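Below: the structure, in structure tokens.
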Amino acid sequence: MPADLVHLVRHGEVHNPDRILYGRLEGFGLSELGHRMAAIAAESLQGRPVTSLVASPLQRTQESAAPWSARFGLTVRLDERLIEPRNRFQGTNVRRGLRDPRNWPYLVGPWRPTWGEPFTSIRRRMMAAVAQAYADSDGGEAVLVTHQLPIWMVARTVARKPLAHDPRARRCSLSSITTLAWRDGAFVEVDYQEPAAELLAQSIDLGAV
């Protein structure tokens, strides 16, 4: 029996005092605030029939999945398709990097984008992961803990909007929950929540761009 709902959950704040683009780098776990955000997100669905839990293999998403695992008694399944997209600016402070003429050739195609994994590739792997989580769940609701851009690609896909966008306009805050349902042969977004909204003002790291 497929899932009734699929929840896409973004990870909490990362400990990143140097404010670099951490991407897929190892060693970037949640801050103390990020752990609180993750716990609040899991608590927000208390009492719901969450029956499966999947996460990106990166440290910050596994740590963000931990409260869901504890609260709902679920084992976390890792799925590489939920990972952060690759990015040529990984490991750098993006603002400084954009001023470096050596990086300008990577900025010629923001609609693709030329600095990292194509939007179409992110969409393809994410929609496949969503479809599998939906099909493999034993009814109830599936939770996928992942990253901002992958979630935003799914949101724009199900809304039938172009994938190219202004990164500053993404509606996907830390520990937010974007909820999908299967309706009339396609996934549609049915809800968006920001359970940790009150903590966002305290965050100094808003994640990758």
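Residue numbering restarts at 1 for every chain of the structure tokens, chains are lettered A, B, ... in their displayed order, and ligands are numbered from 1 as they appear.
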Write out as an mmCIF file with N, CA, C and O atoms, in the first residue's frame all residues of stretch 98-168 of chain A that backbone DSSP assigns to strand (DSSP E).
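Produced file part21.cif, reproduced below:
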```cif
data_model
loop_
_atom_site.group_PDB
_atom_site.id
_atom_site.type_symbol
_atom_site.label_atom_id
_atom_site.label_comp_id
_atom_site.auth_asym_id
_atom_site.auth_seq_id
_atom_site.Cartn_x
_atom_site.Cartn_y
_atom_site.Cartn_z
ATOM 1 N N GLU A 141 2.528 7.762 6.297
ATOM 2 C CA GLU A 141 3.216 8.915 5.744
ATOM 3 C C GLU A 141 4.719 8.684 5.741
ATOM 4 O O GLU A 141 5.268 8.160 6.700
ATOM 5 N N ALA A 142 5.371 9.091 4.653
ATOM 6 C CA ALA A 142 6.810 8.931 4.510
ATOM 7 C C ALA A 142 7.500 10.262 4.757
ATOM 8 O O ALA A 142 7.009 11.311 4.336
ATOM 9 N N VAL A 143 8.646 10.220 5.413
ATOM 10 C CA VAL A 143 9.450 11.416 5.679
ATOM 11 C C VAL A 143 10.795 11.251 4.974
ATOM 12 O O VAL A 143 11.489 10.248 5.167
ATOM 13 N N LEU A 144 11.166 12.249 4.165
ATOM 14 C CA LEU A 144 12.446 12.281 3.472
ATOM 15 C C LEU A 144 13.209 13.511 3.964
ATOM 16 O O LEU A 144 12.753 14.641 3.776
ATOM 17 N N VAL A 145 14.361 13.302 4.593
ATOM 18 C CA VAL A 145 15.149 14.406 5.124
ATOM 19 C C VAL A 145 16.262 14.720 4.123
ATOM 20 O O VAL A 145 17.124 13.879 3.851
ATOM 21 N N THR A 146 16.241 15.936 3.594
ATOM 22 C CA THR A 146 17.140 16.270 2.508
ATOM 23 C C THR A 146 17.560 17.733 2.598
ATOM 24 O O THR A 146 17.684 18.275 3.699
#
```
With a cut-off of 12 Å, could you pull out the residues of stretch 57-132 of chain A touching stretch 173-178 of chain A and give me the nearest pair of atoms for each, distance in Å to one decimal, using only C-alpha atoms, ordered by chain and ascending number, as a Markdown table?
```
| residue | atom | partner | partner_atom | distance |
| --- | --- | --- | --- | --- |
| A:Arg60 | CA | A:Ser175 | CA | 11.2 |
| A:Thr61 | CA | A:Ser175 | CA | 10.1 |
| A:Glu63 | CA | A:Ser175 | CA | 11.7 |
| A:Ser64 | CA | A:Ser175 | CA | 8.2 |
| A:Ala65 | CA | A:Ser175 | CA | 10.4 |
| A:Pro67 | CA | A:Ser175 | CA | 11.8 |
| A:Trp68 | CA | A:Ser175 | CA | 11.9 |
| A:Val130 | CA | A:Thr178 | CA | 12.0 |
```
| Nearest to A:Trp111, chosen from A:Ala131, A:Asp166, A:Glu26, A:Met153, with only C-alpha atoms counted in the distances | A:Asp166
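Reported to one decimal place, the separation of atom CA of A:Asp184 from atom CA of A:Asp138 is 20.4 Å.
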| field | Which of stretch 4-188 of chain A DSSP labels alpha helix (DSSP H), written as number ranges by chain | value | A: 32-44, 59-72, 94-98, 119-136, 148-158
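Minimum atom-to-atom distances from A:Ala181, A:Leu21, A:Cys172, A:Val108 to A:Ala135 were compared using only C-alpha atoms, and the lowest value belongs to A:Ala181.
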| field | Nearest to A:Val54 by atom-to-atom distance, counting only C-alpha atoms, from A:Gly140, A:Leu8, A:Gly29, A:Phe89 | value | A:Leu8
| query | Given the choices A:Arg171, A:Val188, A:Thr157, A:Arg19, which gets closest to A:Arg95 if the distance is worked out from only C-alpha atoms? | reply |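 Smallest distance to A:Arg95 is found for A:Arg19.
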| query | Between atom CA of A:Ser203 and atom CA of A:Val6, what is the spacing in Å? | reply | 26.8 Å
| task | Extract, using only C-alpha atoms, all DNA, RNA and protein residues at most 10 Å from A:Gly27, discarding same-chain residues fewer than 6 positions from it, and format them as a PyMOL selection string. | result | chain A and resi 15+58-60
